[in-house]
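Input: a single structure, listed below in structure tokens.
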Amino acid sequence: MVEEHLKELGIVLPEAPPRGGNYTPLKYFYDGRLVYASGFGCHTEEFKLTGKVGGAVTKEQGYEAAGNCMLNLLAAFKRDIGSLDKIESFVKMLALIASEYDFLYQPDVANGATDLLAKIFGEEAGLPARSAIGVNVLPGDIPVEIEALIELKK
């Protein structure tokens, strides 16, 4: 059902990114009802962007990067957990935005991910509690990294 909706929306998941280190991209806990997703960056085969938001990267590009982070997360979920139909809701999301010191619009950038989730899963399931934090630098000079806590269906 979710994957059919993705097709209707014209959204194609990228190839799931490989691990970037010695960690688990997705981890079950709380009796298998919750999945914690490690930080996912924005790079895909078609999308490469580096730099700080508010500097070399515009707010609009940061918004797009946040959406790509979420697409990478969903691709990894599909690869490692199975169907996206197993998702009940997105509980919590943390967006880390590499930004210039005077850039104050981290929540606007994070909207790129949550707007996408709301479009795919609907507002009730797709809109998590959320934090958007400005940071000095992220791995590989990416502008955005996103992690999430996902509730699975019973």
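Just remember, in the structure tokens the first chain shown is A, the second B, etc., residues are 1-based per chain, and ligands are 1-based in the order shown.
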**OP:** Within 8 Å of region 71-83 of chain A, counting only C-alpha atoms, which residues show up once you throw out same-chain ones fewer than 2 positions away? Write them as a PyMOL selection string, please.
**Re:** chain A and resi 13-17+25-26+37+40-42+44+67-69+85-86
For N, CA and C atoms, I'd like the residues from the last selection saved as an mmCIF file, in the first residue's frame.
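File written: result_29.cif
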data_model
loop_
_atom_site.group_PDB
_atom_site.id
_atom_site.type_symbol
_atom_site.label_atom_id
_atom_site.label_comp_id
_atom_site.auth_asym_id
_atom_site.auth_seq_id
_atom_site.Cartn_x
_atom_site.Cartn_y
_atom_site.Cartn_z
ATOM 1 N N LEU A 13 12.488 5.319 -4.506
ATOM 2 C CA LEU A 13 13.511 5.212 -3.469
ATOM 3 C C LEU A 13 14.872 4.988 -4.113
ATOM 4 N N PRO A 14 15.897 5.617 -3.586
ATOM 5 C CA PRO A 14 17.249 5.361 -4.097
ATOM 6 C C PRO A 14 17.726 3.986 -3.626
ATOM 7 N N GLU A 15 18.852 3.569 -4.139
ATOM 8 C CA GLU A 15 19.479 2.364 -3.607
ATOM 9 C C GLU A 15 19.875 2.657 -2.161
ATOM 10 N N ALA A 16 19.591 1.713 -1.274
ATOM 11 C CA ALA A 16 19.906 1.922 0.143
ATOM 12 C C ALA A 16 21.406 2.137 0.310
ATOM 13 N N PRO A 17 21.775 3.139 1.095
ATOM 14 C CA PRO A 17 23.205 3.418 1.269
ATOM 15 C C PRO A 17 23.897 2.344 2.090
ATOM 16 N N PRO A 25 22.659 0.236 11.078
ATOM 17 C CA PRO A 25 21.811 1.301 10.540
ATOM 18 C C PRO A 25 20.414 1.338 11.165
ATOM 19 N N LEU A 26 19.846 0.162 11.440
ATOM 20 C CA LEU A 26 18.505 0.073 12.014
ATOM 21 C C LEU A 26 18.525 -0.955 13.136
ATOM 22 N N ALA A 37 16.556 4.324 13.810
ATOM 23 C CA ALA A 37 17.336 4.487 12.585
ATOM 24 C C ALA A 37 18.509 5.417 12.872
ATOM 25 N N PHE A 40 21.197 9.188 8.706
ATOM 26 C CA PHE A 40 21.297 8.979 7.258
ATOM 27 C C PHE A 40 21.582 10.307 6.588
ATOM 28 N N GLY A 41 22.543 10.284 5.681
ATOM 29 C CA GLY A 41 22.911 11.472 4.933
ATOM 30 C C GLY A 41 22.063 11.624 3.684
ATOM 31 N N CYS A 42 22.367 12.656 2.908
ATOM 32 C CA CYS A 42 21.539 13.030 1.766
ATOM 33 C C CYS A 42 22.033 12.522 0.419
ATOM 34 N N THR A 44 22.787 10.502 -2.816
ATOM 35 C CA THR A 44 22.312 9.370 -3.609
ATOM 36 C C THR A 44 23.109 9.406 -4.916
ATOM 37 N N GLY A 67 14.951 15.943 2.558
ATOM 38 C CA GLY A 67 14.073 14.952 1.926
ATOM 39 C C GLY A 67 14.845 13.751 1.435
ATOM 40 N N ASN A 68 16.033 13.994 0.865
ATOM 41 C CA ASN A 68 16.861 12.882 0.395
ATOM 42 C C ASN A 68 17.367 12.021 1.552
ATOM 43 N N CYS A 69 17.664 12.649 2.696
ATOM 44 C CA CYS A 69 18.040 11.867 3.885
ATOM 45 C C CYS A 69 16.932 10.878 4.229
ATOM 46 N N ASP A 85 5.104 -1.026 4.498
ATOM 47 C CA ASP A 85 3.780 -1.199 5.097
ATOM 48 C C ASP A 85 3.864 -1.639 6.552
ATOM 49 N N LYS A 86 5.027 -2.034 7.018
ATOM 50 C CA LYS A 86 5.208 -2.408 8.428
ATOM 51 C C LYS A 86 5.240 -1.178 9.344
#
**OP:** Name all residues at most 8 Å from region 140-148 of chain A (count only C-alpha atoms; drop same-chain ones fewer than 5 positions away) and give them as a PyMOL selection string.
**Re:** chain A and resi 36-43+49-53+57+62+65-66+69-70+90-99
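Computed from the coordinates, the CA of Val12 (chain A) to CA of Glu45 (chain A) distance equals 12.3 Å.
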Residues of chain A in helix (DSSP H, G or I) according to DSSP, as a PDB file with N, CA and C atoms, in the first residue's frame?
ATOM      1  N   VAL A   2       1.856   1.353   0.902  1.00  0.00           N
ATOM      2  CA  VAL A   2       2.738   2.527   0.935  1.00  0.00           C
ATOM      3  C   VAL A   2       3.551   2.600  -0.355  1.00  0.00           C
ATOM      4  N   GLU A   3       4.058   1.467  -0.802  1.00  0.00           N
ATOM      5  CA  GLU A   3       4.880   1.478  -2.018  1.00  0.00           C
ATOM      6  C   GLU A   3       4.043   1.815  -3.246  1.00  0.00           C
ATOM      7  N   GLU A   4       2.769   1.429  -3.262  1.00  0.00           N
ATOM      8  CA  GLU A   4       1.876   1.838  -4.348  1.00  0.00           C
ATOM      9  C   GLU A   4       1.666   3.351  -4.297  1.00  0.00           C
ATOM     10  N   HIS A   5       1.527   3.877  -3.082  1.00  0.00           N
ATOM     11  CA  HIS A   5       1.359   5.328  -2.916  1.00  0.00           C
ATOM     12  C   HIS A   5       2.608   6.078  -3.385  1.00  0.00           C
ATOM     13  N   LEU A   6       3.793   5.518  -3.117  1.00  0.00           N
ATOM     14  CA  LEU A   6       5.033   6.130  -3.614  1.00  0.00           C
ATOM     15  C   LEU A   6       4.992   6.243  -5.136  1.00  0.00           C
ATOM     16  N   LYS A   7       4.548   5.182  -5.808  1.00  0.00           N
ATOM     17  CA  LYS A   7       4.457   5.205  -7.268  1.00  0.00           C
ATOM     18  C   LYS A   7       3.483   6.280  -7.742  1.00  0.00           C
ATOM     19  N   GLU A   8       2.324   6.386  -7.045  1.00  0.00           N
ATOM     20  CA  GLU A   8       1.341   7.406  -7.397  1.00  0.00           C
ATOM     21  C   GLU A   8       1.933   8.811  -7.263  1.00  0.00           C
ATOM     22  N   LEU A   9       2.772   8.994  -6.249  1.00  0.00           N
ATOM     23  CA  LEU A   9       3.406  10.289  -6.015  1.00  0.00           C
ATOM     24  C   LEU A   9       4.602  10.538  -6.929  1.00  0.00           C
ATOM     25  N   LYS A  59      18.936  27.532   1.742  1.00  0.00           N
ATOM     26  CA  LYS A  59      17.897  26.927   2.572  1.00  0.00           C
ATOM     27  C   LYS A  59      17.070  25.942   1.740  1.00  0.00           C
ATOM     28  N   GLU A  60      16.770  26.297   0.494  1.00  0.00           N
ATOM     29  CA  GLU A  60      15.983  25.441  -0.387  1.00  0.00           C
ATOM     30  C   GLU A  60      16.740  24.153  -0.724  1.00  0.00           C
ATOM     31  N   GLN A  61      18.041  24.259  -0.954  1.00  0.00           N
ATOM     32  CA  GLN A  61      18.844  23.058  -1.203  1.00  0.00           C
ATOM     33  C   GLN A  61      18.911  22.191   0.053  1.00  0.00           C
ATOM     34  N   GLY A  62      18.989  22.821   1.219  1.00  0.00           N
ATOM     35  CA  GLY A  62      18.980  22.086   2.477  1.00  0.00           C
ATOM     36  C   GLY A  62      17.684  21.331   2.669  1.00  0.00           C
ATOM     37  N   TYR A  63      16.566  21.962   2.315  1.00  0.00           N
ATOM     38  CA  TYR A  63      15.244  21.329   2.370  1.00  0.00           C
ATOM     39  C   TYR A  63      15.243  20.066   1.501  1.00  0.00           C
ATOM     40  N   GLU A  64      15.748  20.193   0.279  1.00  0.00           N
ATOM     41  CA  GLU A  64      15.827  19.033  -0.628  1.00  0.00           C
ATOM     42  C   GLU A  64      16.745  17.958  -0.054  1.00  0.00           C
ATOM     43  N   ALA A  65      17.858  18.367   0.532  1.00  0.00           N
ATOM     44  CA  ALA A  65      18.789  17.415   1.140  1.00  0.00           C
ATOM     45  C   ALA A  65      18.107  16.649   2.274  1.00  0.00           C
ATOM     46  N   ALA A  66      17.309  17.338   3.093  1.00  0.00           N
ATOM     47  CA  ALA A  66      16.601  16.671   4.184  1.00  0.00           C
ATOM     48  C   ALA A  66      15.637  15.616   3.638  1.00  0.00           C
ATOM     49  N   GLY A  67      14.951  15.943   2.558  1.00  0.00           N
ATOM     50  CA  GLY A  67      14.073  14.952   1.926  1.00  0.00           C
ATOM     51  C   GLY A  67      14.845  13.751   1.435  1.00  0.00           C
ATOM     52  N   ASN A  68      16.033  13.994   0.865  1.00  0.00           N
ATOM     53  CA  ASN A  68      16.861  12.882   0.395  1.00  0.00           C
ATOM     54  C   ASN A  68      17.367  12.021   1.552  1.00  0.00           C
ATOM     55  N   CYS A  69      17.664  12.649   2.696  1.00  0.00           N
ATOM     56  CA  CYS A  69      18.040  11.867   3.885  1.00  0.00           C
ATOM     57  C   CYS A  69      16.932  10.878   4.229  1.00  0.00           C
ATOM     58  N   MET A  70      15.696  11.369   4.203  1.00  0.00           N
ATOM     59  CA  MET A  70      14.572  10.505   4.547  1.00  0.00           C
ATOM     60  C   MET A  70      14.371   9.422   3.498  1.00  0.00           C
ATOM     61  N   LEU A  71      14.571   9.735   2.232  1.00  0.00           N
ATOM     62  CA  LEU A  71      14.470   8.693   1.199  1.00  0.00           C
ATOM     63  C   LEU A  71      15.525   7.610   1.430  1.00  0.00           C
ATOM     64  N   ASN A  72      16.746   8.010   1.807  1.00  0.00           N
ATOM     65  CA  ASN A  72      17.780   7.021   2.119  1.00  0.00           C
ATOM     66  C   ASN A  72      17.386   6.167   3.318  1.00  0.00           C
ATOM     67  N   LEU A  73      16.804   6.792   4.332  1.00  0.00           N
ATOM     68  CA  LEU A  73      16.352   6.054   5.511  1.00  0.00           C
ATOM     69  C   LEU A  73      15.273   5.047   5.120  1.00  0.00           C
ATOM     70  N   LEU A  74      14.307   5.475   4.320  1.00  0.00           N
ATOM     71  CA  LEU A  74      13.236   4.567   3.887  1.00  0.00           C
ATOM     72  C   LEU A  74      13.785   3.424   3.032  1.00  0.00           C
ATOM     73  N   ALA A  75      14.764   3.718   2.190  1.00  0.00           N
ATOM     74  CA  ALA A  75      15.378   2.674   1.367  1.00  0.00           C
ATOM     75  C   ALA A  75      16.081   1.642   2.247  1.00  0.00           C
ATOM     76  N   ALA A  76      16.774   2.103   3.280  1.00  0.00           N
ATOM     77  CA  ALA A  76      17.444   1.182   4.199  1.00  0.00           C
ATOM     78  C   ALA A  76      16.420   0.375   4.991  1.00  0.00           C
ATOM     79  N   PHE A  77      15.323   1.009   5.395  1.00  0.00           N
ATOM     80  CA  PHE A  77      14.257   0.294   6.096  1.00  0.00           C
ATOM     81  C   PHE A  77      13.726  -0.832   5.213  1.00  0.00           C
ATOM     82  N   LYS A  78      13.429  -0.515   3.976  1.00  0.00           N
ATOM     83  CA  LYS A  78      12.911  -1.535   3.048  1.00  0.00           C
ATOM     84  C   LYS A  78      13.914  -2.664   2.873  1.00  0.00           C
ATOM     85  N   ARG A  79      15.183  -2.328   2.737  1.00  0.00           N
ATOM     86  CA  ARG A  79      16.223  -3.347   2.558  1.00  0.00           C
ATOM     87  C   ARG A  79      16.369  -4.229   3.798  1.00  0.00           C
ATOM     88  N   ASP A  80      16.403  -3.616   4.980  1.00  0.00           N
ATOM     89  CA  ASP A  80      16.755  -4.348   6.206  1.00  0.00           C
ATOM     90  C   ASP A  80      15.568  -4.886   6.985  1.00  0.00           C
ATOM     91  N   LEU A  84       7.629  -1.251   3.585  1.00  0.00           N
ATOM     92  CA  LEU A  84       7.307  -0.005   4.258  1.00  0.00           C
ATOM     93  C   LEU A  84       5.915  -0.046   4.893  1.00  0.00           C
ATOM     94  N   ASP A  85       5.104  -1.026   4.498  1.00  0.00           N
ATOM     95  CA  ASP A  85       3.780  -1.199   5.097  1.00  0.00           C
ATOM     96  C   ASP A  85       3.864  -1.639   6.552  1.00  0.00           C
ATOM     97  N   LYS A  86       5.027  -2.034   7.018  1.00  0.00           N
ATOM     98  CA  LYS A  86       5.208  -2.408   8.428  1.00  0.00           C
ATOM     99  C   LYS A  86       5.240  -1.178   9.344  1.00  0.00           C
ATOM    100  N   GLN A 106      16.992  26.244  10.739  1.00  0.00           N
ATOM    101  CA  GLN A 106      17.125  24.795  10.751  1.00  0.00           C
ATOM    102  C   GLN A 106      15.770  24.095  10.673  1.00  0.00           C
ATOM    103  N   PRO A 107      14.719  24.579  11.380  1.00  0.00           N
ATOM    104  CA  PRO A 107      13.417  23.919  11.252  1.00  0.00           C
ATOM    105  C   PRO A 107      12.871  23.930   9.824  1.00  0.00           C
ATOM    106  N   ASP A 108      13.126  25.001   9.074  1.00  0.00           N
ATOM    107  CA  ASP A 108      12.672  25.056   7.683  1.00  0.00           C
ATOM    108  C   ASP A 108      13.367  23.994   6.843  1.00  0.00           C
ATOM    109  N   VAL A 109      14.633  23.757   7.103  1.00  0.00           N
ATOM    110  CA  VAL A 109      15.377  22.715   6.400  1.00  0.00           C
ATOM    111  C   VAL A 109      14.815  21.340   6.769  1.00  0.00           C
ATOM    112  N   ALA A 110      14.591  21.100   8.062  1.00  0.00           N
ATOM    113  CA  ALA A 110      14.061  19.811   8.529  1.00  0.00           C
ATOM    114  C   ALA A 110      12.687  19.510   7.936  1.00  0.00           C
ATOM    115  N   ASN A 111      11.941  20.561   7.581  1.00  0.00           N
ATOM    116  CA  ASN A 111      10.636  20.356   6.948  1.00  0.00           C
ATOM    117  C   ASN A 111      10.746  19.541   5.660  1.00  0.00           C
ATOM    118  N   GLY A 112      11.895  19.554   5.015  1.00  0.00           N
ATOM    119  CA  GLY A 112      12.079  18.750   3.808  1.00  0.00           C
ATOM    120  C   GLY A 112      11.847  17.281   4.071  1.00  0.00           C
ATOM    121  N   ALA A 113      12.210  16.814   5.248  1.00  0.00           N
ATOM    122  CA  ALA A 113      11.994  15.414   5.615  1.00  0.00           C
ATOM    123  C   ALA A 113      10.573  15.184   6.097  1.00  0.00           C
ATOM    124  N   THR A 114      10.080  16.046   6.989  1.00  0.00           N
ATOM    125  CA  THR A 114       8.752  15.802   7.549  1.00  0.00           C
ATOM    126  C   THR A 114       7.633  16.089   6.546  1.00  0.00           C
ATOM    127  N   ASP A 115       7.828  17.049   5.644  1.00  0.00           N
ATOM    128  CA  ASP A 115       6.834  17.255   4.582  1.00  0.00           C
ATOM    129  C   ASP A 115       6.732  16.002   3.714  1.00  0.00           C
ATOM    130  N   LEU A 116       7.876  15.398   3.417  1.00  0.00           N
ATOM    131  CA  LEU A 116       7.890  14.173   2.620  1.00  0.00           C
ATOM    132  C   LEU A 116       7.176  13.035   3.351  1.00  0.00           C
ATOM    133  N   LEU A 117       7.466  12.874   4.644  1.00  0.00           N
ATOM    134  CA  LEU A 117       6.803  11.817   5.423  1.00  0.00           C
ATOM    135  C   LEU A 117       5.294  12.025   5.464  1.00  0.00           C
ATOM    136  N   ALA A 118       4.849  13.261   5.654  1.00  0.00           N
ATOM    137  CA  ALA A 118       3.414  13.547   5.694  1.00  0.00           C
ATOM    138  C   ALA A 118       2.768  13.228   4.348  1.00  0.00           C
ATOM    139  N   LYS A 119       3.472  13.511   3.259  1.00  0.00           N
ATOM    140  CA  LYS A 119       2.951  13.226   1.927  1.00  0.00           C
ATOM    141  C   LYS A 119       2.816  11.714   1.709  1.00  0.00           C
ATOM    142  N   ILE A 120       3.782  10.960   2.185  1.00  0.00           N
ATOM    143  CA  ILE A 120       3.789   9.507   1.977  1.00  0.00           C
ATOM    144  C   ILE A 120       2.863   8.781   2.945  1.00  0.00           C
ATOM    145  N   PHE A 121       2.949   9.115   4.237  1.00  0.00           N
ATOM    146  CA  PHE A 121       2.257   8.342   5.272  1.00  0.00           C
ATOM    147  C   PHE A 121       1.036   9.055   5.852  1.00  0.00           C
ATOM    148  N   GLU A 123      -0.437  12.806   7.776  1.00  0.00           N
ATOM    149  CA  GLU A 123       0.068  13.589   8.906  1.00  0.00           C
ATOM    150  C   GLU A 123       0.110  12.802  10.205  1.00  0.00           C
ATOM    151  N   GLU A 124      -0.903  11.995  10.484  1.00  0.00           N
ATOM    152  CA  GLU A 124      -0.922  11.294  11.769  1.00  0.00           C
ATOM    153  C   GLU A 124       0.247  10.321  11.910  1.00  0.00           C
ATOM    154  N   ALA A 125       0.519   9.554  10.897  1.00  0.00           N
ATOM    155  CA  ALA A 125       1.615   8.585  10.956  1.00  0.00           C
ATOM    156  C   ALA A 125       2.957   9.204  10.574  1.00  0.00           C
ATOM    157  N   GLY A 126       2.932  10.205   9.704  1.00  0.00           N
ATOM    158  CA  GLY A 126       4.172  10.722   9.146  1.00  0.00           C
ATOM    159  C   GLY A 126       4.819  11.884   9.884  1.00  0.00           C
ATOM    160  N   PRO A 139      29.749  14.460   8.667  1.00  0.00           N
ATOM    161  CA  PRO A 139      30.674  13.604   7.908  1.00  0.00           C
ATOM    162  C   PRO A 139      30.612  13.879   6.403  1.00  0.00           C
ATOM    163  N   GLY A 140      31.769  13.921   5.781  1.00  0.00           N
ATOM    164  CA  GLY A 140      31.846  14.141   4.337  1.00  0.00           C
ATOM    165  C   GLY A 140      31.378  15.512   3.907  1.00  0.00           C
ATOM    166  N   ASP A 141      31.242  16.438   4.846  1.00  0.00           N
ATOM    167  CA  ASP A 141      30.788  17.798   4.572  1.00  0.00           C
ATOM    168  C   ASP A 141      29.363  17.846   4.031  1.00  0.00           C
TER     169      ASP A 141
END
Original post:
If you run DSSP on the backbone, which residues of region 18-150 of chain A are strand (DSSP E or B), as a ChimeraX atom specification?
Top reply: /A:26-29,34-41,53,57,87-99,129-135,144-150
Please produce a file of those selected residues containing C-alpha atoms, as a PDB file, in the first residue's frame.
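Generated file (out_12.pdb):
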ATOM      1  CA  LEU A  26      18.505   0.073  12.014  1.00  0.00           C
ATOM      2  CA  LYS A  27      18.020  -1.464  15.447  1.00  0.00           C
ATOM      3  CA  TYR A  28      14.886  -3.115  16.887  1.00  0.00           C
ATOM      4  CA  PHE A  29      14.008  -2.547  20.537  1.00  0.00           C
ATOM      5  CA  LEU A  34      10.281   0.196  17.668  1.00  0.00           C
ATOM      6  CA  VAL A  35      13.119   0.662  15.213  1.00  0.00           C
ATOM      7  CA  TYR A  36      15.833   3.208  15.833  1.00  0.00           C
ATOM      8  CA  ALA A  37      17.336   4.487  12.585  1.00  0.00           C
ATOM      9  CA  SER A  38      20.917   5.754  12.747  1.00  0.00           C
ATOM     10  CA  GLY A  39      21.828   8.998  11.023  1.00  0.00           C
ATOM     11  CA  PHE A  40      21.297   8.979   7.258  1.00  0.00           C
ATOM     12  CA  GLY A  41      22.911  11.472   4.933  1.00  0.00           C
ATOM     13  CA  VAL A  53      23.399  25.686   4.851  1.00  0.00           C
ATOM     14  CA  VAL A  57      24.085  25.590   0.407  1.00  0.00           C
ATOM     15  CA  ILE A  87       5.480   1.233   9.565  1.00  0.00           C
ATOM     16  CA  GLU A  88       2.791   2.375  12.002  1.00  0.00           C
ATOM     17  CA  SER A  89       4.209   5.845  12.593  1.00  0.00           C
ATOM     18  CA  PHE A  90       7.282   8.003  12.873  1.00  0.00           C
ATOM     19  CA  VAL A  91       7.694   8.736  16.588  1.00  0.00           C
ATOM     20  CA  LYS A  92      10.739  11.053  16.724  1.00  0.00           C
ATOM     21  CA  MET A  93      13.108  12.624  14.226  1.00  0.00           C
ATOM     22  CA  LEU A  94      16.379  14.437  14.782  1.00  0.00           C
ATOM     23  CA  ALA A  95      17.681  16.612  11.961  1.00  0.00           C
ATOM     24  CA  LEU A  96      21.299  17.740  12.171  1.00  0.00           C
ATOM     25  CA  ILE A  97      21.975  20.670   9.860  1.00  0.00           C
ATOM     26  CA  ALA A  98      25.542  21.791   9.162  1.00  0.00           C
ATOM     27  CA  SER A  99      24.977  25.518   9.019  1.00  0.00           C
ATOM     28  CA  ALA A 129       8.054  14.797  17.333  1.00  0.00           C
ATOM     29  CA  ARG A 130      11.127  16.560  15.993  1.00  0.00           C
ATOM     30  CA  SER A 131      14.306  18.428  16.779  1.00  0.00           C
ATOM     31  CA  ALA A 132      16.303  20.454  14.265  1.00  0.00           C
ATOM     32  CA  ILE A 133      19.809  21.255  15.453  1.00  0.00           C
ATOM     33  CA  GLY A 134      22.486  23.372  13.809  1.00  0.00           C
ATOM     34  CA  VAL A 135      25.960  21.822  13.915  1.00  0.00           C
ATOM     35  CA  VAL A 144      22.025  17.399   6.563  1.00  0.00           C
ATOM     36  CA  GLU A 145      21.859  14.120   8.498  1.00  0.00           C
ATOM     37  CA  ILE A 146      18.652  12.640   9.888  1.00  0.00           C
ATOM     38  CA  GLU A 147      17.891   9.911  12.402  1.00  0.00           C
ATOM     39  CA  ALA A 148      14.483   8.635  13.473  1.00  0.00           C
ATOM     40  CA  LEU A 149      12.513   6.422  15.820  1.00  0.00           C
ATOM     41  CA  ILE A 150       9.858   4.376  14.005  1.00  0.00           C
TER      42      ILE A 150
END
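Across the structure, CA of Pro128 (chain A) and CA of Thr24 (chain A) are spaced 21.8 Å apart.
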